[in-house]
Amino acid sequence: MIFCISLIMLLLAGGNSSSPNSLSQEEERIFQYIDGHQDEFVQNLAGWVAVESDSIQPHLRAEVTRMVKIAAASLQDLGASVMLRDTGIQQLPSGQNISLPPVILAKLGEDPLKPTVCFYGHVDVMPAKIQDGWKTSPYNLTEIDGNLFGRGTTDDKGPVLAWINAVKTFKALNIEIPVNIKFLIEGMEEAGSIGLEELVEKEKEHFFSDVNYIVISDNIWLSTTKPALTYGTRGNACFSVQVECGEKDLHSGSVGGIVHEAMSDLIALLDSLVNSCGHILVPGIYDDVAPLTEEEKKQYELIEFDLKEYKASIGVKEIIYDTKEEIFSHLWCLPSLSIHGIEGAFYEPGIKTVIPSRVIGKFSIRQVPHMDLSKMECQVKRYLERIFSKRKSSNKLTVSMEMGAKPWVANINDPQYEAAKKAIQKVFNQDPDMIRDGATIPIARMFQDITKKSVMMFPIGAADDGEHSQKEKISRSNYINGIKVFASFLLEISKLHKTLQEAPSLKTMT
Ligand SMILES: *[C@@H]1O[C@H](CO)[C@@H](O)[C@H](O)[C@H]1NC(C)=O
Ligand SMILES: *[C@@H]1O[C@H](CO)[C@@H](O)[C@H](O)[C@H]1NC(C)=O
Ligand SMILES: [Zn+2]
């Protein structure tokens, strides 16, 4: 009996030591150091949150610049060589010009035998005022039940500091950093990353030339407990449809019944776009949509998803679909069309018997690979013109696409996704959800298009972090585990990269 038990224990012990999640001595030291310095790391974050680096309100621009300089100083402390790049001015709607905060380009290490990982993040934040309904002071980091509340905690100061602290840990322990690491940190993300694309374009043959992997940490998991890696985002095209019936508003008593009304035309046009099940009625719009692959379907099965909780979190009673596969494919792999509003319409309470002379409908289409923006623009315009001509209205129609951002999708078999998965297994003891985002994050596509490098979105925040809300937080454990997972990622990508270089044929086998 005793013999049997000890044999089993021996087998178990043997099984453990060869499990992929077992830690090397180096990893043990790194994780212990991070655990032991938790409070210091949280204090770092408190210091950063205290800077009101709101990039939306021009009067706070100096604070954004101050924040960028604080981040630059932290990178200098790591021994990185840091450049602050001027990206010019921002022209405000008022006509006034204000300067943009500089963008940080930093690098640490230039060993040609190591891979080069470039991290992107931002240190500006959305506006926040206690009067907006914050329960805690937004710029005073406050810990409640293991959650660190404050503006920028999860978006995106926490993730930026997690990267910096991961590198700091290697330094503190005198462990060689296994990769060359670059940082691109900006201060205008919340205002649309003004000036960034031009800078990336200028730097593609310089700063980016030796970069192997670009990692963006600026989104959140799909779950509150299970980590995720994001490999795609939808694009967005915003349209306006204008119908004009005359020079001035009319009275329905005086002319109602004898003129073609702009509002009726517009409502017919908007109603022709999408049916009640969300199916877009514009002919040809689904032609270029990439089909859902078997691999992706399998991934969906593994994603942790509670339909009831999800419905509660978005505050609706019913959604159109009831299986995970249908929900994710409609959110991530299929386009959607939403109608947002009508400019020029009467919307106050009460009665007003006006016939508006000019109304503008606003709608957007979230598009997916491999839809082409300009082709879609033509399809939409042609379709609306056809619907309009059938009405035989004498009014004037103008359709325009005001803005178009392209969708992004990455190859999840790329080494950096493998490395991130391994790091997540080590720190969280589980596989990540492999997810896409139904929203539009143009930066991933921008990096991919301009630099042609592999791009991955590697979030550390949880689904309930409330980015941009009055309850923004990151949990202490997500922040601390985030530091660990980034440190672990650097070790894993260096190992994988080495294997690939020694046996390039392996690359095609992954
Ligand atoms: C703002 O900058 C633009 C472009 O450089 C320039 O044309 C314009 O005159 C400037 N406006 C003011 C108020 O200085
Ligand atoms: C931040 O909040 C703490 C209590 O959570 C308070 O003691 C401290 O004075 C506050 N600091 C500032 C700068 O408001
Ligand atoms: Zn962000």
# chains A, B, ... in the order shown; residues from 1 in each chain; ligands from 1
call {"tool": "residues_around", "arguments": {"residues": "range 167-184 of chain A", "least_positions_apart": "3", "cutoff": "7 Å", "atoms": "only C-alpha atoms", "output": "list in words"}}
result
Ile30, Leu78, Ile104, Leu105, Ala106, Lys107, Leu108, Gly109, Glu110, Asp111, Lys114, Pro115, Thr116, Val117, Cys118, Phe119, Tyr120, Gly121, Trp163, Ile164, Ala487, Leu490, Leu491 and Ser494 of chain A
call {"tool": "residues_near_ligand", "arguments": {"ligand": "ligand 1", "cutoff": "10 Å", "atoms": "only C-alpha atoms and all ligand atoms", "output": "JSON, numbers by chain"}}
result
{"A": [88, 89, 90, 91, 92, 94, 95, 96, 97, 98]}
call {"tool": "write_last_selection", "arguments": {"atoms": "all heavy atoms", "output": "PDB file, in the first residue's frame"}}
result
ATOM      1  N   GLY A  88       4.679  68.057 -34.226  1.00  0.00           N
ATOM      2  CA  GLY A  88       4.051  69.256 -34.784  1.00  0.00           C
ATOM      3  C   GLY A  88       2.898  69.796 -33.966  1.00  0.00           C
ATOM      4  O   GLY A  88       2.863  69.668 -32.750  1.00  0.00           O
ATOM      5  N   ILE A  89       1.923  70.367 -34.688  1.00  0.00           N
ATOM      6  CA  ILE A  89       0.844  71.069 -34.005  1.00  0.00           C
ATOM      7  C   ILE A  89      -0.512  70.427 -34.281  1.00  0.00           C
ATOM      8  O   ILE A  89      -0.677  69.701 -35.243  1.00  0.00           O
ATOM      9  CB  ILE A  89       0.774  72.560 -34.438  1.00  0.00           C
ATOM     10  CG1 ILE A  89       0.686  72.646 -35.974  1.00  0.00           C
ATOM     11  CG2 ILE A  89       1.936  73.355 -33.894  1.00  0.00           C
ATOM     12  CD1 ILE A  89       0.039  73.900 -36.458  1.00  0.00           C
ATOM     13  N   GLN A  90      -1.444  70.747 -33.395  1.00  0.00           N
ATOM     14  CA  GLN A  90      -2.827  70.334 -33.594  1.00  0.00           C
ATOM     15  C   GLN A  90      -3.634  71.594 -33.863  1.00  0.00           C
ATOM     16  O   GLN A  90      -3.520  72.575 -33.118  1.00  0.00           O
ATOM     17  CB  GLN A  90      -3.352  69.644 -32.324  1.00  0.00           C
ATOM     18  CG  GLN A  90      -4.811  69.226 -32.425  1.00  0.00           C
ATOM     19  CD  GLN A  90      -5.346  68.660 -31.105  1.00  0.00           C
ATOM     20  OE1 GLN A  90      -4.728  68.788 -30.054  1.00  0.00           O
ATOM     21  NE2 GLN A  90      -6.514  68.049 -31.168  1.00  0.00           N
ATOM     22  N   GLN A  91      -4.416  71.553 -34.931  1.00  0.00           N
ATOM     23  CA  GLN A  91      -5.284  72.691 -35.224  1.00  0.00           C
ATOM     24  C   GLN A  91      -6.634  72.444 -34.582  1.00  0.00           C
ATOM     25  O   GLN A  91      -7.326  71.486 -34.934  1.00  0.00           O
ATOM     26  CB  GLN A  91      -5.440  72.857 -36.732  1.00  0.00           C
ATOM     27  CG  GLN A  91      -4.940  74.190 -37.224  1.00  0.00           C
ATOM     28  CD  GLN A  91      -5.114  74.350 -38.712  1.00  0.00           C
ATOM     29  OE1 GLN A  91      -4.733  73.475 -39.498  1.00  0.00           O
ATOM     30  NE2 GLN A  91      -5.690  75.474 -39.109  1.00  0.00           N
ATOM     31  N   LEU A  92      -7.015  73.282 -33.646  1.00  0.00           N
ATOM     32  CA  LEU A  92      -8.292  73.098 -32.950  1.00  0.00           C
ATOM     33  C   LEU A  92      -9.429  73.617 -33.826  1.00  0.00           C
ATOM     34  O   LEU A  92      -9.210  74.453 -34.705  1.00  0.00           O
ATOM     35  CB  LEU A  92      -8.268  73.863 -31.626  1.00  0.00           C
ATOM     36  CG  LEU A  92      -7.189  73.424 -30.638  1.00  0.00           C
ATOM     37  CD1 LEU A  92      -7.219  74.306 -29.407  1.00  0.00           C
ATOM     38  CD2 LEU A  92      -7.364  71.967 -30.247  1.00  0.00           C
ATOM     39  N   SER A  94     -11.460  75.737 -33.219  1.00  0.00           N
ATOM     40  CA  SER A  94     -11.528  77.188 -33.085  1.00  0.00           C
ATOM     41  C   SER A  94     -10.546  77.902 -34.010  1.00  0.00           C
ATOM     42  O   SER A  94     -10.585  79.120 -34.131  1.00  0.00           O
ATOM     43  CB  SER A  94     -11.197  77.573 -31.640  1.00  0.00           C
ATOM     44  OG  SER A  94      -9.851  77.237 -31.372  1.00  0.00           O
ATOM     45  N   GLY A  95      -9.634  77.147 -34.645  1.00  0.00           N
ATOM     46  CA  GLY A  95      -8.628  77.763 -35.500  1.00  0.00           C
ATOM     47  C   GLY A  95      -7.310  77.960 -34.777  1.00  0.00           C
ATOM     48  O   GLY A  95      -6.274  78.199 -35.387  1.00  0.00           O
ATOM     49  N   GLN A  96      -7.360  77.823 -33.452  1.00  0.00           N
ATOM     50  CA  GLN A  96      -6.152  77.982 -32.643  1.00  0.00           C
ATOM     51  C   GLN A  96      -5.230  76.778 -32.863  1.00  0.00           C
ATOM     52  O   GLN A  96      -5.689  75.671 -33.130  1.00  0.00           O
ATOM     53  CB  GLN A  96      -6.600  78.054 -31.177  1.00  0.00           C
ATOM     54  CG  GLN A  96      -5.558  78.509 -30.192  1.00  0.00           C
ATOM     55  CD  GLN A  96      -5.960  78.111 -28.768  1.00  0.00           C
ATOM     56  OE1 GLN A  96      -7.126  77.792 -28.498  1.00  0.00           O
ATOM     57  NE2 GLN A  96      -5.004  78.122 -27.871  1.00  0.00           N
ATOM     58  N   ASN A  97      -3.916  77.022 -32.775  1.00  0.00           N
ATOM     59  CA  ASN A  97      -2.964  75.916 -32.913  1.00  0.00           C
ATOM     60  C   ASN A  97      -2.326  75.617 -31.557  1.00  0.00           C
ATOM     61  O   ASN A  97      -1.882  76.526 -30.881  1.00  0.00           O
ATOM     62  CB  ASN A  97      -1.836  76.308 -33.875  1.00  0.00           C
ATOM     63  CG  ASN A  97      -2.321  76.415 -35.308  1.00  0.00           C
ATOM     64  OD1 ASN A  97      -3.278  75.740 -35.693  1.00  0.00           O
ATOM     65  ND2 ASN A  97      -1.677  77.247 -36.092  1.00  0.00           N
ATOM     66  N   ILE A  98      -2.258  74.338 -31.180  1.00  0.00           N
ATOM     67  CA  ILE A  98      -1.468  74.005 -29.988  1.00  0.00           C
ATOM     68  C   ILE A  98      -0.507  72.878 -30.320  1.00  0.00           C
ATOM     69  O   ILE A  98      -0.761  72.077 -31.214  1.00  0.00           O
ATOM     70  CB  ILE A  98      -2.335  73.623 -28.753  1.00  0.00           C
ATOM     71  CG1 ILE A  98      -3.255  72.435 -29.051  1.00  0.00           C
ATOM     72  CG2 ILE A  98      -3.118  74.803 -28.231  1.00  0.00           C
ATOM     73  CD1 ILE A  98      -3.913  71.888 -27.802  1.00  0.00           C
TER      74      ILE A  98
END
call {"tool": "atom_distance", "arguments": {"atom1": "CA of Pro349 in chain A", "atom2": "CA of Val255 in chain A"}}
result
23.4 Å
call {"tool": "residues_near_ligand", "arguments": {"ligand": "ligand 2", "cutoff": "9 Å", "atoms": "only C-alpha atoms and all ligand atoms", "output": "PyMOL selection string"}}
result
chain A and resi 50+136-137+139-143
call {"tool": "residues_around", "arguments": {"residues": "range 363-378 of chain A", "least_positions_apart": "5", "cutoff": "9 Å", "atoms": "only C-alpha atoms", "output": "PDB file with C-alpha atoms, in the first residue's frame"}}
result
ATOM      1  CA  THR A 233     -10.419  44.163 -35.049  1.00  0.00           C
ATOM      2  CA  ARG A 234     -13.241  45.355 -37.286  1.00  0.00           C
ATOM      3  CA  GLY A 235     -12.891  48.479 -39.368  1.00  0.00           C
ATOM      4  CA  ASN A 236     -15.387  51.300 -39.444  1.00  0.00           C
ATOM      5  CA  ALA A 237     -16.809  53.417 -42.235  1.00  0.00           C
ATOM      6  CA  CYS A 238     -19.027  56.351 -41.285  1.00  0.00           C
ATOM      7  CA  PHE A 239     -21.567  57.598 -43.795  1.00  0.00           C
ATOM      8  CA  SER A 240     -23.844  60.580 -44.017  1.00  0.00           C
ATOM      9  CA  VAL A 241     -26.958  60.730 -46.230  1.00  0.00           C
ATOM     10  CA  LEU A 270     -32.280  54.480 -43.774  1.00  0.00           C
ATOM     11  CA  GLY A 284     -22.696  42.739 -52.854  1.00  0.00           C
ATOM     12  CA  ILE A 285     -21.615  43.862 -49.421  1.00  0.00           C
ATOM     13  CA  TYR A 286     -20.921  40.328 -48.189  1.00  0.00           C
ATOM     14  CA  ASP A 287     -19.062  39.263 -51.356  1.00  0.00           C
ATOM     15  CA  ASP A 288     -15.529  39.719 -50.036  1.00  0.00           C
ATOM     16  CA  VAL A 289     -16.117  38.704 -46.418  1.00  0.00           C
ATOM     17  CA  ALA A 290     -13.537  36.085 -45.416  1.00  0.00           C
ATOM     18  CA  TRP A 332     -15.924  39.739 -35.302  1.00  0.00           C
ATOM     19  CA  CYS A 333     -16.164  38.156 -38.739  1.00  0.00           C
ATOM     20  CA  LEU A 334     -19.222  39.764 -40.301  1.00  0.00           C
ATOM     21  CA  PRO A 335     -19.952  43.387 -41.067  1.00  0.00           C
ATOM     22  CA  SER A 336     -22.671  45.241 -39.180  1.00  0.00           C
ATOM     23  CA  LEU A 337     -24.582  48.408 -39.967  1.00  0.00           C
ATOM     24  CA  SER A 338     -25.845  50.779 -37.268  1.00  0.00           C
ATOM     25  CA  ILE A 339     -27.943  53.905 -37.628  1.00  0.00           C
ATOM     26  CA  HIS A 340     -26.800  56.617 -35.233  1.00  0.00           C
ATOM     27  CA  GLY A 341     -28.903  59.701 -35.708  1.00  0.00           C
ATOM     28  CA  TYR A 383     -27.736  51.339 -53.689  1.00  0.00           C
ATOM     29  CA  SER A 400     -20.757  60.613 -48.493  1.00  0.00           C
ATOM     30  CA  MET A 401     -18.346  58.457 -46.557  1.00  0.00           C
ATOM     31  CA  GLY A 404     -13.007  54.947 -43.080  1.00  0.00           C
ATOM     32  CA  ALA A 405     -10.750  52.813 -40.883  1.00  0.00           C
ATOM     33  CA  LYS A 406      -9.705  49.389 -42.110  1.00  0.00           C
ATOM     34  CA  PRO A 407     -10.137  46.083 -40.285  1.00  0.00           C
ATOM     35  CA  TRP A 408      -7.133  44.123 -39.015  1.00  0.00           C
ATOM     36  CA  VAL A 409      -6.445  40.429 -38.613  1.00  0.00           C
ATOM     37  CA  GLY A 438     -15.815  44.016 -32.808  1.00  0.00           C
ATOM     38  CA  ALA A 439     -14.713  47.603 -32.289  1.00  0.00           C
ATOM     39  CA  THR A 440     -12.154  49.485 -34.337  1.00  0.00           C
TER      40      THR A 440
END
call {"tool": "residues_near_ligand", "arguments": {"ligand": "ligand 3", "cutoff": "9 Å", "atoms": "only C-alpha atoms and all ligand atoms", "output": "PyMOL selection string"}}
result
chain A and resi 121-126+152+154-157+189-190+217-219+467-468
call {"tool": "atom_distance", "arguments": {"atom1": "CA of Glu385 in chain A", "atom2": "CA of Gly256 in chain A"}}
result
24.7 Å
call {"tool": "select_by_dssp", "arguments": {"residues": "range 328-409 of chain A", "states": "alpha helix (DSSP H)", "output": "list in words"}}
result
Phe328, Leu373, Ser374, Lys375, Met376, Glu377, Cys378, Gln379, Val380, Lys381, Arg382, Tyr383, Leu384, Glu385, Arg386, Ile387, Phe388, Ser389 and Lys390 of chain A
call {"tool": "atom_distance", "arguments": {"atom1": "CA of Arg85 in chain A", "atom2": "CA of Val215 in chain A"}}
result
20.3 Å
call {"tool": "select_by_dssp", "arguments": {"residues": "range 223-274 of chain A", "states": "strand (DSSP E or B)", "output": "list in words"}}
result
Ala228, Leu229, Thr230, Tyr231, Gly232, Thr233, Asn236, Ala237, Cys238, Phe239, Ser240, Val241, Gln242, Val243, Glu244, Leu250, His251 and Val274 of chain A
call {"tool": "write_last_selection", "arguments": {"atoms": "N, CA and C atoms", "output": "short mmCIF file (atom, residue, chain, number, x, y, z; two decimals), in the first residue's frame"}}
result
data_model
loop_
_atom_site.label_atom_id
_atom_site.label_comp_id
_atom_site.auth_asym_id
_atom_site.auth_seq_id
_atom_site.Cartn_x
_atom_site.Cartn_y
_atom_site.Cartn_z
N ALA A 228 -6.69 36.82 -22.42
CA ALA A 228 -7.00 36.74 -23.84
C ALA A 228 -5.87 37.33 -24.66
N LEU A 229 -5.78 36.89 -25.90
CA LEU A 229 -4.93 37.54 -26.89
C LEU A 229 -5.85 37.97 -28.02
N THR A 230 -5.62 39.17 -28.53
CA THR A 230 -6.51 39.71 -29.56
C THR A 230 -5.78 39.72 -30.90
N TYR A 231 -6.42 39.11 -31.91
CA TYR A 231 -5.73 39.00 -33.20
C TYR A 231 -6.49 39.66 -34.34
N GLY A 232 -7.53 40.40 -34.03
CA GLY A 232 -8.24 41.08 -35.11
C GLY A 232 -9.18 42.15 -34.58
N THR A 233 -9.44 43.13 -35.41
CA THR A 233 -10.42 44.16 -35.05
C THR A 233 -11.22 44.50 -36.31
N ASN A 236 -14.16 50.52 -39.56
CA ASN A 236 -15.39 51.30 -39.44
C ASN A 236 -15.44 52.33 -40.56
N ALA A 237 -16.61 52.41 -41.20
CA ALA A 237 -16.81 53.42 -42.24
C ALA A 237 -18.06 54.21 -41.85
N CYS A 238 -17.90 55.51 -41.72
CA CYS A 238 -19.03 56.35 -41.29
C CYS A 238 -19.59 57.11 -42.48
N PHE A 239 -20.89 56.98 -42.66
CA PHE A 239 -21.57 57.60 -43.79
C PHE A 239 -22.52 58.70 -43.35
N SER A 240 -22.74 59.66 -44.23
CA SER A 240 -23.84 60.58 -44.02
C SER A 240 -24.69 60.63 -45.30
N VAL A 241 -26.01 60.66 -45.11
CA VAL A 241 -26.96 60.73 -46.23
C VAL A 241 -27.75 62.00 -46.05
N GLN A 242 -27.63 62.91 -46.97
CA GLN A 242 -28.33 64.18 -46.82
C GLN A 242 -29.45 64.29 -47.84
N VAL A 243 -30.64 64.69 -47.37
CA VAL A 243 -31.74 64.96 -48.29
C VAL A 243 -32.20 66.40 -48.06
N GLU A 244 -32.29 67.14 -49.16
CA GLU A 244 -32.68 68.55 -49.08
C GLU A 244 -33.95 68.76 -49.89
N LEU A 250 -40.47 74.26 -43.65
CA LEU A 250 -41.84 74.58 -44.06
C LEU A 250 -42.82 74.18 -42.98
N HIS A 251 -44.07 74.60 -43.16
CA HIS A 251 -45.13 74.34 -42.19
C HIS A 251 -46.04 73.25 -42.76
N VAL A 274 -30.79 47.93 -43.61
CA VAL A 274 -30.55 46.73 -42.80
C VAL A 274 -31.91 46.19 -42.36
#
call {"tool": "closest_residue", "arguments": {"among": "A:Ala128, A:Lys226, A:Gly47, A:Val200", "to": "Ile443 in chain A", "atoms": "only C-alpha atoms"}}
result
A:Val200
call {"tool": "residues_around", "arguments": {"residues": "Ala345 in chain A", "least_positions_apart": "5", "cutoff": "10 Å", "atoms": "only C-alpha atoms", "output": "list of chain:residue names"}}
result
A:Met263, A:Val354, A:Ile355, A:Pro356, A:Ser357, A:Arg358, A:Val359, A:Ile360, A:Gly361
call {"tool": "closest_residue", "arguments": {"among": "A:Ala423, A:Phe208, A:Ile130, A:Asp249", "to": "Ser488 in chain A", "atoms": "only C-alpha atoms"}}
result
A:Ala423
call {"tool": "closest_residue", "arguments": {"among": "A:Thr225, A:Phe458, A:Ile320, A:Leu292", "to": "Ser276 in chain A", "atoms": "only C-alpha atoms"}}
result
A:Ile320
call {"tool": "closest_residue", "arguments": {"among": "A:Arg382, A:Lys297, A:Lys311, A:Arg391", "to": "Ser264 in chain A", "atoms": "only C-alpha atoms"}}
result
A:Arg391
call {"tool": "closest_residue", "arguments": {"among": "A:Ala410, A:Val103, A:Leu199, A:Ile387", "to": "Ile267 in chain A", "atoms": "only C-alpha atoms"}}
result
A:Ile387
call {"tool": "residues_around", "arguments": {"residues": "range 299-301 of chain A", "least_positions_apart": "5", "cutoff": "7 Å", "atoms": "only C-alpha atoms", "output": "list of chain:residue names"}}
result
A:Lys324, A:Glu325, A:Met434
call {"tool": "residues_around", "arguments": {"residues": "Ser272 in chain A", "least_positions_apart": "3", "cutoff": "8 Å", "atoms": "only C-alpha atoms", "output": "list in words"}}
result
Ala268, Leu269, Asn275, Leu281 and Ile387 of chain A
call {"tool": "write_last_selection", "arguments": {"atoms": "N, CA, C and O atoms", "output": "JSON list (two decimals), in the first residue's frame"}}
result
[["chain", "number", "residue", "atom", "x", "y", "z"],
["A", 268, "ALA", "N", -37.04, 56.43, -45.48],
["A", 268, "ALA", "CA", -37.11, 55.31, -46.42],
["A", 268, "ALA", "C", -35.71, 54.82, -46.77],
["A", 268, "ALA", "O", -35.45, 53.61, -46.85],
["A", 269, "LEU", "N", -34.79, 55.76, -46.95],
["A", 269, "LEU", "CA", -33.41, 55.38, -47.29],
["A", 269, "LEU", "C", -32.77, 54.61, -46.14],
["A", 269, "LEU", "O", -32.17, 53.55, -46.33],
["A", 275, "ASN", "N", -32.04, 44.85, -42.29],
["A", 275, "ASN", "CA", -33.32, 44.31, -41.84],
["A", 275, "ASN", "C", -33.34, 44.12, -40.32],
["A", 275, "ASN", "O", -32.35, 44.41, -39.64],
["A", 281, "LEU", "N", -28.64, 45.07, -46.28],
["A", 281, "LEU", "CA", -29.36, 44.84, -47.53],
["A", 281, "LEU", "C", -28.68, 45.43, -48.76],
["A", 281, "LEU", "O", -29.19, 45.33, -49.87],
["A", 387, "ILE", "N", -32.51, 53.34, -54.56],
["A", 387, "ILE", "CA", -33.70, 53.39, -53.70],
["A", 387, "ILE", "C", -34.36, 54.76, -53.83],
["A", 387, "ILE", "O", -35.59, 54.89, -53.92]]
